[in-house]
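Undergrad: This is start_9.txt, which holds compact mmCIF, C-alpha atoms:
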# COMPACT_ATOMS: atom_id res chain seq x y z
CA MET A 1 -74.22 53.41 -1.79
CA SER A 2 -73.65 56.41 -3.92
CA ASP A 3 -74.09 59.18 -1.38
CA GLY A 4 -70.53 58.83 -0.16
CA ARG A 5 -71.56 58.33 3.46
CA SER A 6 -70.12 54.81 3.62
CA ASP A 7 -66.67 56.08 2.71
CA PRO A 8 -63.90 55.90 5.29
CA LEU A 9 -63.87 58.84 7.66
CA ARG A 10 -60.70 60.76 8.30
CA ILE A 11 -60.45 61.53 12.03
CA SER A 12 -57.87 63.22 14.22
CA PHE A 13 -57.51 62.66 17.93
CA THR A 14 -54.86 62.54 20.65
CA LEU A 15 -53.66 59.03 21.41
CA ASN A 16 -51.43 58.59 24.46
CA GLY A 17 -50.37 62.22 24.11
CA GLU A 18 -49.60 62.04 20.37
CA PRO A 19 -51.67 63.75 17.69
CA THR A 20 -53.04 60.97 15.50
CA THR A 21 -54.87 61.10 12.17
CA VAL A 22 -56.34 57.95 10.69
CA GLU A 23 -59.05 56.80 8.31
CA VAL A 24 -61.72 54.67 9.96
CA SER A 25 -64.58 52.66 8.60
CA PRO A 26 -68.01 53.76 9.89
CA SER A 27 -68.51 50.31 11.42
CA GLU A 28 -65.13 50.16 13.16
CA ARG A 29 -64.97 49.97 16.97
CA LEU A 30 -62.35 51.90 18.92
CA LEU A 31 -61.10 48.55 20.27
CA ASP A 32 -60.36 47.26 16.76
CA LEU A 33 -58.80 50.53 15.64
CA LEU A 34 -56.40 50.41 18.58
CA ARG A 35 -55.50 46.73 18.35
CA TYR A 36 -55.47 45.93 14.67
CA ARG A 37 -54.70 49.22 12.94
CA LEU A 38 -52.59 51.10 15.46
CA GLY A 39 -50.80 48.10 16.96
CA LEU A 40 -51.74 48.82 20.58
CA THR A 41 -52.55 45.26 21.58
CA GLY A 42 -52.39 45.89 25.32
CA THR A 43 -56.11 46.61 25.24
CA LYS A 44 -57.89 43.22 25.27
CA GLU A 45 -61.21 42.01 23.96
CA GLY A 46 -63.19 39.86 26.37
CA CYS A 47 -66.95 39.82 26.06
CA ALA A 48 -67.70 42.39 23.31
CA GLU A 49 -70.75 43.54 25.26
CA GLY A 50 -69.48 46.00 27.84
CA GLU A 51 -69.53 43.56 30.71
CA CYS A 52 -65.96 42.40 31.38
CA GLY A 53 -63.98 45.63 31.13
CA ALA A 54 -60.89 44.00 29.56
CA CYS A 55 -61.01 46.67 26.82
CA THR A 56 -61.07 49.63 29.24
CA VAL A 57 -59.35 52.79 27.97
CA TYR A 58 -59.71 56.43 28.99
CA LEU A 59 -61.76 58.73 26.77
CA ASP A 60 -61.31 62.34 27.82
CA GLY A 61 -59.96 60.99 31.10
CA LEU A 62 -62.87 58.69 31.93
CA PRO A 63 -62.83 54.89 31.76
CA VAL A 64 -64.91 53.45 28.91
CA ASP A 65 -65.30 50.04 27.30
CA SER A 66 -63.63 50.48 23.90
CA CYS A 67 -65.72 47.60 22.49
CA LEU A 68 -68.77 49.86 22.74
CA VAL A 69 -67.24 53.03 21.27
CA PRO A 70 -67.56 53.68 17.54
CA ALA A 71 -64.11 54.75 16.34
CA TYR A 72 -65.49 57.89 14.70
CA GLN A 73 -66.65 59.15 18.11
CA VAL A 74 -63.09 59.80 19.32
CA ARG A 75 -62.51 62.56 16.78
CA GLY A 76 -61.12 65.60 18.54
CA ARG A 77 -60.86 63.75 21.85
CA LEU A 78 -58.19 62.32 24.15
CA VAL A 79 -57.70 58.55 24.17
CA GLU A 80 -55.31 56.84 26.60
CA THR A 81 -54.52 53.14 26.62
CA ILE A 82 -52.62 50.81 28.95
CA GLU A 83 -49.48 51.59 26.91
CA SER A 84 -49.58 55.14 28.29
CA LEU A 85 -48.98 54.00 31.87
CA ASP A 86 -45.52 53.93 33.42
CA PRO A 87 -44.51 50.28 34.07
CA LYS A 88 -42.60 51.43 37.13
CA GLY A 89 -45.91 52.42 38.70
CA MET A 90 -47.16 48.83 38.66
CA ALA A 91 -45.15 47.58 41.64
CA HIS A 92 -48.05 47.67 44.11
CA TYR A 93 -50.11 45.45 41.83
CA HIS A 94 -47.27 42.92 41.43
CA ALA A 95 -46.69 42.88 45.17
CA ARG A 96 -50.31 42.23 46.10
CA GLY A 97 -51.38 39.58 43.60
CA THR A 98 -53.59 41.82 41.53
CA THR A 99 -52.85 39.75 38.43
CA GLN A 100 -52.81 36.04 37.72
CA CYS A 101 -53.54 34.81 34.16
CA GLY A 102 -53.36 38.34 32.78
CA ALA A 103 -56.39 38.40 30.47
CA CYS A 104 -58.25 41.01 32.49
CA THR A 105 -55.15 42.79 33.78
CA PRO A 106 -54.84 45.72 31.34
CA GLY A 107 -58.44 46.69 31.93
CA VAL A 108 -58.18 46.15 35.68
CA VAL A 109 -55.06 48.31 35.87
CA MET A 110 -56.68 51.08 33.79
CA THR A 111 -59.64 51.32 36.17
CA ALA A 112 -57.39 50.90 39.21
CA GLU A 113 -55.08 53.72 38.12
CA TRP A 114 -58.07 55.95 37.40
CA ILE A 115 -59.20 55.45 41.01
CA VAL A 116 -55.65 56.10 42.29
CA ARG A 117 -55.50 59.35 40.30
CA HIS A 118 -58.90 60.46 41.60
CA PRO A 119 -59.05 59.41 45.26
CA ASP A 120 -61.86 61.94 45.81
CA ARG A 121 -64.20 59.37 44.21
CA LEU A 122 -63.82 57.33 47.39
CA GLU A 123 -65.82 59.94 49.30
CA THR A 124 -68.93 58.49 47.66
CA HIS A 125 -67.90 55.12 46.21
CA THR A 126 -66.03 52.07 47.45
CA VAL A 127 -63.10 50.62 45.50
CA ARG A 128 -65.23 47.53 44.89
CA GLU A 129 -68.04 49.53 43.32
CA LEU A 130 -65.66 51.47 41.06
CA MET A 131 -63.94 48.21 40.03
CA ALA A 132 -67.22 46.35 39.40
CA GLY A 133 -66.92 46.78 35.63
CA ASN A 134 -63.79 44.65 35.47
CA LEU A 135 -64.40 40.92 35.70
CA CYS A 136 -61.60 38.61 36.83
CA ARG A 137 -61.83 34.83 37.04
CA CYS A 138 -58.54 34.22 38.85
CA THR A 139 -57.93 36.47 41.79
CA GLY A 140 -61.24 36.33 43.60
CA TYR A 141 -60.91 40.13 43.55
CA ASP A 142 -59.23 40.50 46.94
CA GLY A 143 -55.82 40.84 45.27
CA ILE A 144 -57.24 43.53 43.00
CA ILE A 145 -58.80 45.50 45.84
CA GLU A 146 -55.64 45.20 47.93
CA GLY A 147 -53.55 46.35 44.96
CA VAL A 148 -55.67 49.47 44.54
CA GLU A 149 -55.59 50.18 48.26
CA GLY A 150 -51.83 49.68 48.28
CA ALA A 151 -51.38 52.05 45.36
CA LEU A 152 -53.60 54.61 47.08
CA GLY A 153 -51.55 54.26 50.26
CA ASP A 154 -48.27 54.65 48.37
CA ARG A 155 -49.55 57.74 46.69
CA GLU A 156 -50.62 59.24 50.01
CA ALA A 157 -47.29 58.35 51.61
CA GLY A 158 -45.30 59.59 48.61
CA MET B 159 -73.04 51.13 6.95
CA SER B 160 -72.87 54.87 6.82
CA VAL B 161 -72.82 57.61 9.39
CA LEU B 162 -73.46 61.35 9.41
CA LEU B 163 -71.48 63.53 11.81
CA PRO B 164 -73.48 66.71 12.48
CA GLY B 165 -71.79 69.49 14.42
CA SER B 166 -74.94 71.25 15.61
CA LEU B 167 -78.49 70.42 16.66
CA ALA B 168 -79.92 72.30 13.66
CA GLU B 169 -77.80 70.19 11.34
CA ALA B 170 -78.77 66.98 13.14
CA LEU B 171 -82.50 67.76 12.94
CA GLY B 172 -82.16 68.70 9.26
CA SER B 173 -80.49 65.37 8.51
CA LEU B 174 -83.19 63.48 10.40
CA ALA B 175 -85.96 65.36 8.57
CA ALA B 176 -84.36 64.44 5.24
CA ASP B 177 -83.88 60.79 6.20
CA PRO B 178 -86.03 59.61 9.13
CA ASP B 179 -84.53 56.11 8.79
CA LEU B 180 -81.32 57.37 10.34
CA VAL B 181 -80.61 55.77 13.73
CA PRO B 182 -79.49 58.39 16.27
CA MET B 183 -76.31 57.29 18.09
CA ALA B 184 -75.38 58.69 21.50
CA GLY B 185 -73.07 56.67 23.79
CA GLY B 186 -73.52 53.44 21.85
CA THR B 187 -73.79 51.25 24.95
CA ASP B 188 -76.94 49.56 23.68
CA LEU B 189 -76.28 49.67 19.94
CA LEU B 190 -72.73 48.29 19.98
CA VAL B 191 -73.37 45.22 22.15
CA HIS B 192 -71.96 42.22 20.21
CA TRP B 193 -71.47 44.60 17.29
CA PRO B 194 -69.22 42.36 15.14
CA GLN B 195 -71.86 39.62 15.04
CA ARG B 196 -74.88 41.87 14.53
CA THR B 197 -74.30 42.41 10.84
CA GLU B 198 -77.89 43.48 10.25
CA LEU B 199 -77.09 46.64 12.19
CA HIS B 200 -74.19 47.35 9.84
CA GLU B 201 -76.66 47.79 6.97
CA ARG B 202 -78.25 50.82 8.59
CA SER B 203 -77.38 54.51 8.49
CA TYR B 204 -76.55 56.36 11.71
CA LEU B 205 -76.70 59.91 12.94
CA ASP B 206 -73.84 60.40 15.37
CA LEU B 207 -74.79 62.92 18.03
CA SER B 208 -71.45 62.98 19.85
CA GLY B 209 -70.37 66.16 18.06
CA VAL B 210 -73.53 68.06 19.03
CA GLU B 211 -71.96 69.64 22.10
CA GLU B 212 -75.05 71.71 22.94
CA LEU B 213 -76.90 68.51 23.89
CA ARG B 214 -74.42 67.48 26.58
CA PRO B 215 -74.75 69.91 29.53
CA HIS B 216 -77.43 69.70 32.18
CA ARG B 217 -78.63 72.75 34.10
CA TRP B 218 -80.55 73.64 37.25
CA GLU B 219 -83.46 76.03 36.69
CA ALA B 220 -85.52 77.59 39.47
CA ASP B 221 -88.14 74.84 39.35
CA GLU B 222 -86.54 72.01 37.40
CA LEU B 223 -83.41 70.09 36.56
CA VAL B 224 -82.98 69.95 32.78
CA LEU B 225 -80.96 67.02 31.46
CA GLY B 226 -79.52 67.40 27.96
CA GLY B 227 -80.10 64.81 25.26
CA LEU B 228 -76.51 63.60 25.74
CA THR B 229 -76.21 64.01 29.52
CA THR B 230 -74.67 60.82 30.85
CA TYR B 231 -75.25 58.94 34.09
CA TRP B 232 -71.76 59.93 35.19
CA ASP B 233 -72.46 63.63 34.54
CA ILE B 234 -75.21 63.42 37.18
CA ILE B 235 -73.19 61.23 39.56
CA GLU B 236 -70.55 63.99 39.46
CA ASP B 237 -73.12 66.65 40.41
CA ARG B 238 -73.33 66.74 44.23
CA ARG B 239 -76.47 68.82 44.03
CA ALA B 240 -78.30 65.88 42.49
CA TRP B 241 -77.22 63.67 45.42
CA ASN B 242 -78.98 66.03 47.80
CA GLU B 243 -82.00 67.00 45.82
CA LEU B 244 -82.92 64.14 43.47
CA PRO B 245 -81.11 61.19 45.05
CA LEU B 246 -83.00 58.52 43.12
CA LEU B 247 -81.20 59.69 39.97
CA ILE B 248 -77.95 58.79 41.73
CA ASP B 249 -79.28 55.49 43.11
CA ALA B 250 -80.32 54.41 39.62
CA ALA B 251 -77.29 55.80 37.77
CA ARG B 252 -74.78 53.96 39.89
CA GLN B 253 -76.58 50.66 39.31
CA VAL B 254 -76.49 50.96 35.51
CA GLY B 255 -73.80 48.54 34.33
CA SER B 256 -70.52 49.82 35.73
CA VAL B 257 -68.50 53.03 35.68
CA GLN B 258 -67.43 52.25 32.09
CA ILE B 259 -71.10 52.21 31.05
CA GLN B 260 -72.13 55.14 33.26
CA THR B 261 -69.54 57.40 31.60
CA ARG B 262 -71.02 56.68 28.16
CA GLY B 263 -74.70 55.87 28.59
CA SER B 264 -77.17 58.76 28.41
CA TRP B 265 -80.50 59.25 30.17
CA ALA B 266 -82.16 60.07 26.85
CA GLY B 267 -80.69 56.95 25.27
CA ASN B 268 -82.14 54.90 28.12
CA ILE B 269 -85.56 56.41 27.41
CA VAL B 270 -85.59 55.83 23.63
CA ASN B 271 -83.98 52.39 23.81
CA ALA B 272 -87.27 51.65 25.59
CA SER B 273 -86.18 48.51 27.38
CA PRO B 274 -88.77 47.31 29.94
CA ALA B 275 -85.75 46.78 32.22
CA ALA B 276 -84.36 50.32 31.86
CA ASP B 277 -83.03 51.55 35.20
CA GLY B 278 -82.90 55.26 34.43
CA VAL B 279 -86.53 55.45 33.37
CA PRO B 280 -88.33 54.41 36.63
CA VAL B 281 -86.70 57.14 38.72
CA LEU B 282 -87.29 59.81 36.07
CA MET B 283 -90.92 58.71 35.86
CA ALA B 284 -91.31 58.74 39.65
CA TYR B 285 -90.08 62.34 39.54
CA ASP B 286 -92.71 63.23 36.86
CA ALA B 287 -90.06 63.93 34.20
CA VAL B 288 -91.11 65.36 30.86
CA VAL B 289 -89.50 64.33 27.56
CA VAL B 290 -88.72 67.21 25.19
CA LEU B 291 -88.61 66.25 21.51
CA ASP B 292 -87.39 68.55 18.76
CA SER B 293 -87.67 68.28 14.99
CA THR B 294 -87.59 70.75 12.12
CA ARG B 295 -91.39 70.85 12.59
CA GLY B 296 -91.05 72.23 16.09
CA ARG B 297 -91.01 71.09 19.69
CA SER B 298 -93.24 68.72 21.61
CA GLU B 299 -93.24 67.83 25.31
CA VAL B 300 -94.53 64.49 26.54
CA PRO B 301 -94.78 63.36 30.17
CA LEU B 302 -92.53 60.31 30.50
CA SER B 303 -95.40 58.43 32.17
CA GLY B 304 -97.35 58.71 28.89
CA PHE B 305 -94.40 58.26 26.55
CA TYR B 306 -94.70 54.50 25.99
CA SER B 307 -97.66 52.71 24.41
CA GLY B 308 -96.31 49.16 24.04
CA TYR B 309 -93.13 47.13 23.88
CA LYS B 310 -90.55 49.47 22.30
CA GLU B 311 -93.42 51.68 21.13
CA MET B 312 -93.25 55.33 22.06
CA ARG B 313 -94.41 58.80 21.21
CA ARG B 314 -91.30 59.74 19.28
CA SER B 315 -91.67 60.36 15.55
CA PRO B 316 -88.73 59.17 13.43
CA ASP B 317 -87.71 62.77 12.66
CA GLU B 318 -87.62 63.77 16.35
CA LEU B 319 -84.72 63.78 18.77
CA VAL B 320 -84.95 63.80 22.57
CA THR B 321 -83.12 67.05 23.29
CA GLU B 322 -84.05 67.59 26.95
CA ILE B 323 -85.54 65.80 29.92
CA ARG B 324 -87.14 68.18 32.40
CA VAL B 325 -87.28 66.97 35.99
CA PRO B 326 -89.42 69.08 38.37
CA ARG B 327 -87.75 70.18 41.61
CA ARG B 328 -90.10 69.28 44.45
CA ALA B 329 -89.81 68.50 48.12
CA TYR B 330 -90.14 64.75 48.65
CA ASP B 331 -90.69 62.96 51.93
CA VAL B 332 -90.50 59.49 50.40
CA GLN B 333 -87.89 58.51 47.79
CA ILE B 334 -87.18 54.82 47.19
CA PHE B 335 -85.47 52.93 44.37
CA GLU B 336 -84.98 49.20 44.39
CA LYS B 337 -83.26 47.12 41.75
CA VAL B 338 -83.14 43.35 41.97
CA GLY B 339 -80.66 41.64 39.68
CA SER B 340 -78.35 38.64 39.78
CA ARG B 341 -75.57 40.80 41.17
CA ARG B 342 -75.12 44.39 42.14
CA ALA B 343 -73.26 45.58 39.03
CA GLN B 344 -73.49 44.60 35.36
CA ALA B 345 -76.91 42.99 35.83
CA ILE B 346 -80.13 43.48 33.94
CA THR B 347 -83.01 44.08 36.30
CA LYS B 348 -85.34 41.18 37.16
CA VAL B 349 -87.70 43.46 39.01
CA GLY B 350 -87.37 47.08 40.04
CA VAL B 351 -89.46 49.82 41.56
CA ALA B 352 -89.25 53.55 42.27
CA VAL B 353 -91.55 55.24 44.80
CA THR B 354 -91.90 58.93 45.63
CA ARG B 355 -94.28 61.08 47.65
CA SER B 356 -94.57 64.85 47.34
CA ASP B 357 -97.35 67.44 47.33
CA ALA B 358 -98.22 65.99 43.93
CA GLY B 359 -99.03 62.66 45.60
CA TRP B 360 -97.62 59.15 45.49
CA ARG B 361 -95.82 57.77 42.46
CA VAL B 362 -95.10 54.06 42.10
CA VAL B 363 -93.18 53.05 38.97
CA ALA B 364 -92.12 49.48 38.19
CA ASN B 365 -89.69 48.07 35.66
CA SER B 366 -89.11 44.59 34.22
CA VAL B 367 -92.72 43.60 35.02
CA ALA B 368 -94.56 44.90 31.93
CA PRO B 369 -93.86 45.55 28.23
CA PHE B 370 -92.63 49.00 29.20
CA VAL B 371 -91.69 50.88 32.36
CA CYS B 372 -94.96 52.15 33.80
CA ARG B 373 -96.70 53.85 36.69
CA CYS B 374 -98.86 51.64 38.87
CA PRO B 375 -102.17 53.46 39.43
CA ALA B 376 -103.80 50.75 41.59
CA LEU B 377 -100.83 50.71 43.97
CA GLU B 378 -100.73 54.50 44.03
CA ARG B 379 -104.45 54.51 44.95
CA ILE B 380 -103.85 52.11 47.83
CA LEU B 381 -101.21 54.50 49.18
CA GLU B 382 -103.26 57.66 48.58
CA GLU B 383 -106.32 56.21 50.28
CA GLY B 384 -104.39 54.66 53.14
CA ALA B 385 -106.06 51.29 52.57
CA ALA B 386 -105.08 48.71 55.19
CA VAL B 387 -102.21 46.48 54.08
CA GLY B 388 -101.58 43.65 56.53
CA GLY B 389 -98.74 41.97 54.65
CA PRO B 390 -96.98 41.80 51.30
CA ASP B 391 -99.61 39.54 49.77
CA ASP B 392 -102.28 42.22 50.28
CA LEU B 393 -100.48 44.17 47.54
CA LEU B 394 -100.71 41.35 44.98
CA PRO B 395 -104.19 42.24 43.64
CA GLY B 396 -103.03 45.81 42.98
CA ILE B 397 -99.81 44.57 41.40
CA ARG B 398 -101.80 42.24 39.11
CA GLU B 399 -104.01 45.14 38.10
CA ASP B 400 -101.04 47.35 37.24
CA VAL B 401 -98.45 45.08 35.65
CA SER B 402 -98.14 41.84 33.70
CA PRO B 403 -94.79 40.17 34.39
CA ILE B 404 -93.65 37.26 32.25
CA ASP B 405 -91.35 34.24 32.54
CA ASP B 406 -88.11 34.85 30.66
CA ILE B 407 -84.41 34.00 30.84
CA ARG B 408 -83.87 36.23 33.85
CA SER B 409 -86.78 35.31 36.10
CA THR B 410 -90.39 34.17 36.37
CA ALA B 411 -93.66 36.07 36.55
CA GLU B 412 -94.38 34.58 39.98
CA TYR B 413 -91.01 35.61 41.40
CA ARG B 414 -91.37 39.12 40.01
CA GLU B 415 -94.84 39.65 41.51
CA ASN B 416 -93.83 38.30 44.89
CA VAL B 417 -90.59 40.25 45.06
CA LEU B 418 -92.29 43.46 43.97
CA ALA B 419 -94.88 42.99 46.74
CA ARG B 420 -92.19 42.40 49.35
CA LEU B 421 -90.00 45.29 48.23
CA LEU B 422 -92.94 47.66 48.47
CA TYR B 423 -94.30 46.30 51.72
CA TYR B 424 -91.07 46.29 53.70
CA ASP B 425 -89.83 49.59 52.29
CA LEU B 426 -93.11 51.32 53.16
CA LEU B 427 -93.85 49.56 56.45
CA ASP B 428 -92.32 52.28 58.62
CA LEU B 429 -93.62 55.11 56.43
CA CYS B 430 -97.28 54.21 56.05
CA PRO B 431 -99.50 53.92 59.16
CA SER B 432 -101.92 51.77 57.13
CA PHE B 433 -99.22 49.11 56.71
CA GLY B 434 -99.05 46.69 59.61
Can the structure from this file be put into structure tokens for me?

TA:
Amino acid sequence: MSDGRSDPLRISFTLNGEPTTVEVSPSERLLDLLRYRLGLTGTKEGCAEGECGACTVYLDGLPVDSCLVPAYQVRGRLVETIESLDPKGMAHYHARGTTQCGACTPGVVMTAEWIVRHPDRLETHTVRELMAGNLCRCTGYDGIIEGVEGALGDREAG
Amino acid sequence: MSVLLPGSLAEALGSLAADPDLVPMAGGTDLLVHWPQRTELHERSYLDLSGVEELRPHRWEADELVLGGLTTYWDIIEDRRAWNELPLLIDAARQVGSVQIQTRGSWAGNIVNASPAADGVPVLMAYDAVVVLDSTRGRSEVPLSGFYSGYKEMRRSPDELVTEIRVPRRAYDVQIFEKVGSRRAQAITKVGVAVTRSDAGWRVVANSVAPFVCRCPALERILEEGAAVGGPDDLLPGIREDVSPIDDIRSTAEYRENVLARLLYYDLLDLCPSFG
């Protein structure tokens, strides 16, 4: 190609609160940019088709599957990954068996924490519906739901 | 692969006029599925619409809801007015994939992806939505019910973008949406149907039972005329006139016809005196 459009694109965005500028290939997914170029391997790849939710990150504060986001689309936007969360805030999930093998856990926790931060969503949705985009083959989901409910309760109490 | 990043609609339409082979990219939830393996898609050139901010907002006019070309499912789920006034939009939106898909997927993308199993399209069609297409040549408006002509065939020229979807605001006394899939979330529809009744009459729209999402004129006629329907099977002749389901990896033609008949019959039983 001689029109220059295949060249790497220089993009700037905010990653976990830090201004970030990076060159991306037009065919690069956000998931790959995060994991392989920026070293944030907490975000996992599961299905590569937007079904399992293991690659969930926040884009402008909303959960998205980073396997389905072209990297160039985050220019000028806010991206938050599992690395942005405070480990001390994970106690309710440990206590209630939200995690077993761990493969789905970063994505599960991202969606769970989004619900905990926005409890008003529960006026119209159940925790189960909001968590439906995160597949888990270990817990049978009850541990996940109880973890979210525990975290919601702690937040209310605290 | 190459990509253009327009910052305005005028720029986007100019790029598309110059190179109609460009593939418009909105949320990417259809295009990026299994992206690493689909190397043929890496050979193409894309027009990224995510920087065209003017396409994102939706607005309520006196007589219609106007969705932008980039309005997402989640944008509408977040609008409590839509829950009250056009609830089928909400019913469909919250059954598309999961929250992670609803925050990215757009109504316009659902229309132009043209899947027979699209979940956003039946409810828009049952509300008599109109597709607004813009190009450097001007604007055209096409009723969604006449937008498709075959499998993945539609009345969109390669240099046109869907910039708005206009949904009339009417009073409805019947609004039904049914989606049957393997599970509630993250499932592609095996058979689905949207039904409305307003002063404009009955609308019955089915998905996953024909090469494209379509209105069902024979079924609508049965409802308009109040023809006697004694049981679900009485609807099968009308269903066979309107749609042509197939056997595929998700279901069979026979299952789809029978489920469609039962969904319609039992949902309408208490609403239609002619059903008994």

Undergrad: Quick one: pull the distance between CA of Glu169 in chain B and CA of Arg202 in chain B, Å, one decimal.

TA: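 Value for the CA of Glu169 in chain B-CA of Arg202 in chain B distance: 19.6 Å.
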
Undergrad: Give me, as a count of residues only, the residues of chain A touching chain B, with the criterion being at most 6 Å (counting all atoms listed in the file).

TA: 10

Undergrad: Fewer than 2 positions away in the same chain doesn't count, so skip those; otherwise give me all residues within 10 Å of range 297-307 of chain B, counting only C-alpha atoms, as a ChimeraX atom specification.

TA: /B:269-270,272,279-280,282-295,309-314,318-324,363,369-373

Undergrad: For those residues, write C-alpha atoms to a file as a compact mmCIF listing (two decimals), keeping the file's coordinate frame.

TA:
# COMPACT_ATOMS: atom_id res chain seq x y z
CA ILE B 269 -85.56 56.41 27.41
CA VAL B 270 -85.59 55.83 23.63
CA ALA B 272 -87.27 51.65 25.59
CA VAL B 279 -86.53 55.45 33.37
CA PRO B 280 -88.33 54.41 36.63
CA LEU B 282 -87.29 59.81 36.07
CA MET B 283 -90.92 58.71 35.86
CA ALA B 284 -91.31 58.74 39.65
CA TYR B 285 -90.08 62.34 39.54
CA ASP B 286 -92.71 63.23 36.86
CA ALA B 287 -90.06 63.93 34.20
CA VAL B 288 -91.11 65.36 30.86
CA VAL B 289 -89.50 64.33 27.56
CA VAL B 290 -88.72 67.21 25.19
CA LEU B 291 -88.61 66.25 21.51
CA ASP B 292 -87.39 68.55 18.76
CA SER B 293 -87.67 68.28 14.99
CA THR B 294 -87.59 70.75 12.12
CA ARG B 295 -91.39 70.85 12.59
CA TYR B 309 -93.13 47.13 23.88
CA LYS B 310 -90.55 49.47 22.30
CA GLU B 311 -93.42 51.68 21.13
CA MET B 312 -93.25 55.33 22.06
CA ARG B 313 -94.41 58.80 21.21
CA ARG B 314 -91.30 59.74 19.28
CA GLU B 318 -87.62 63.77 16.35
CA LEU B 319 -84.72 63.78 18.77
CA VAL B 320 -84.95 63.80 22.57
CA THR B 321 -83.12 67.05 23.29
CA GLU B 322 -84.05 67.59 26.95
CA ILE B 323 -85.54 65.80 29.92
CA ARG B 324 -87.14 68.18 32.40
CA VAL B 363 -93.18 53.05 38.97
CA PRO B 369 -93.86 45.55 28.23
CA PHE B 370 -92.63 49.00 29.20
CA VAL B 371 -91.69 50.88 32.36
CA CYS B 372 -94.96 52.15 33.80
CA ARG B 373 -96.70 53.85 36.69

Undergrad: Neighbourhood query: residues within 12 Å of (-60.8, 43.1, 25.0), file coordinates, counting only C-alpha atoms; return as a CSV table (one decimal) with C-alpha atoms, in the frame of the given file.

TA:
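The resulting file, selection27.csv, is shown below:
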chain,number,residue,atom,x,y,z
A,29,ARG,CA,-65.0,50.0,17.0
A,30,LEU,CA,-62.4,51.9,18.9
A,31,LEU,CA,-61.1,48.6,20.3
A,32,ASP,CA,-60.4,47.3,16.8
A,34,LEU,CA,-56.4,50.4,18.6
A,35,ARG,CA,-55.5,46.7,18.4
A,36,TYR,CA,-55.5,45.9,14.7
A,40,LEU,CA,-51.7,48.8,20.6
A,41,THR,CA,-52.6,45.3,21.6
A,42,GLY,CA,-52.4,45.9,25.3
A,43,THR,CA,-56.1,46.6,25.2
A,44,LYS,CA,-57.9,43.2,25.3
A,45,GLU,CA,-61.2,42.0,24.0
A,46,GLY,CA,-63.2,39.9,26.4
A,47,CYS,CA,-67.0,39.8,26.1
A,48,ALA,CA,-67.7,42.4,23.3
A,49,GLU,CA,-70.8,43.5,25.3
A,50,GLY,CA,-69.5,46.0,27.8
A,51,GLU,CA,-69.5,43.6,30.7
A,52,CYS,CA,-66.0,42.4,31.4
A,53,GLY,CA,-64.0,45.6,31.1
A,54,ALA,CA,-60.9,44.0,29.6
A,55,CYS,CA,-61.0,46.7,26.8
A,56,THR,CA,-61.1,49.6,29.2
A,57,VAL,CA,-59.4,52.8,28.0
A,64,VAL,CA,-64.9,53.4,28.9
A,65,ASP,CA,-65.3,50.0,27.3
A,66,SER,CA,-63.6,50.5,23.9
A,67,CYS,CA,-65.7,47.6,22.5
A,68,LEU,CA,-68.8,49.9,22.7
A,81,THR,CA,-54.5,53.1,26.6
A,82,ILE,CA,-52.6,50.8,29.0
A,102,GLY,CA,-53.4,38.3,32.8
A,103,ALA,CA,-56.4,38.4,30.5
A,104,CYS,CA,-58.2,41.0,32.5
A,105,THR,CA,-55.2,42.8,33.8
A,106,PRO,CA,-54.8,45.7,31.3
A,107,GLY,CA,-58.4,46.7,31.9
A,108,VAL,CA,-58.2,46.2,35.7
A,134,ASN,CA,-63.8,44.6,35.5
A,135,LEU,CA,-64.4,40.9,35.7

Undergrad: One decimal, in Å: what's the spacing between CA of Ala368 in chain B and CA of Thr354 in chain B?

TA: 19.8 Å

Undergrad: Find the residues with any atom within 10 Å of (-107.4, 48.1, 33.8); use only C-alpha atoms and the coordinates as given in the file, and write the answer as a ChimeraX atom specification.

TA: /B:375-376,398-401

Undergrad: Between CA of Gly17 in chain A and CA of Ile115 in chain A, what is the spacing in Å?

TA: 20.2 Å

Undergrad: Rank nothing, just name the residue among B:Leu244, B:Ala266, B:Val181, B:Leu377 nearest to Arg214 in chain B, using only C-alpha atoms.

TA: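 Looking only at the distances to Arg214 in chain B, the closest residue turns out to be B:Ala266.
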
Undergrad: Mind checking which residues fall within 8 Å of Tyr330 in chain B, counting all atoms listed in the file, ignoring those fewer than 3 positions away in the same chain, and posting them as a PyMOL selection string?

TA: chain B and resi 333+354-357

Undergrad: Which residue out of A:Pro119, A:Gly150, A:Gly140, A:Pro19 has the minimum interatomic distance to Met90 in chain A when only C-alpha atoms are used?

TA: A:Gly150

Undergrad: Identify which of the residues B:Ala220, B:Leu171, B:Val367, B:Ala275 lies closest to Arg328 in chain B, counting all atoms listed in the file when measuring atom-to-atom distances.

TA: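 Checking each candidate against Arg328 in chain B, we get B:Ala220 as the closest.
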
Undergrad: When you look at Ser84 in chain A with a cut-off of 10 Å (counting only C-alpha atoms), what residues show up, excluding the ones that are within fewer than 2 positions of it in the same chain? I need them as a PyMOL selection string.

TA: chain A and resi 15-17+79-82+86-87+110

Undergrad: My list of candidates is A:Arg155, A:Arg77, A:Arg128, A:Arg37. Which is closest to Asp142 in chain A when distances are computed with only C-alpha atoms?

TA: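 Among the listed residues, the smallest separation from Asp142 in chain A belongs to A:Arg128.
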
Undergrad: Under the rule that all atoms listed in the file are counted, which of A:Glu113, A:Asp7, A:Glu83, A:Glu18 is the nearest residue to Leu62 in chain A?

TA: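 Closest candidate: A:Glu113.
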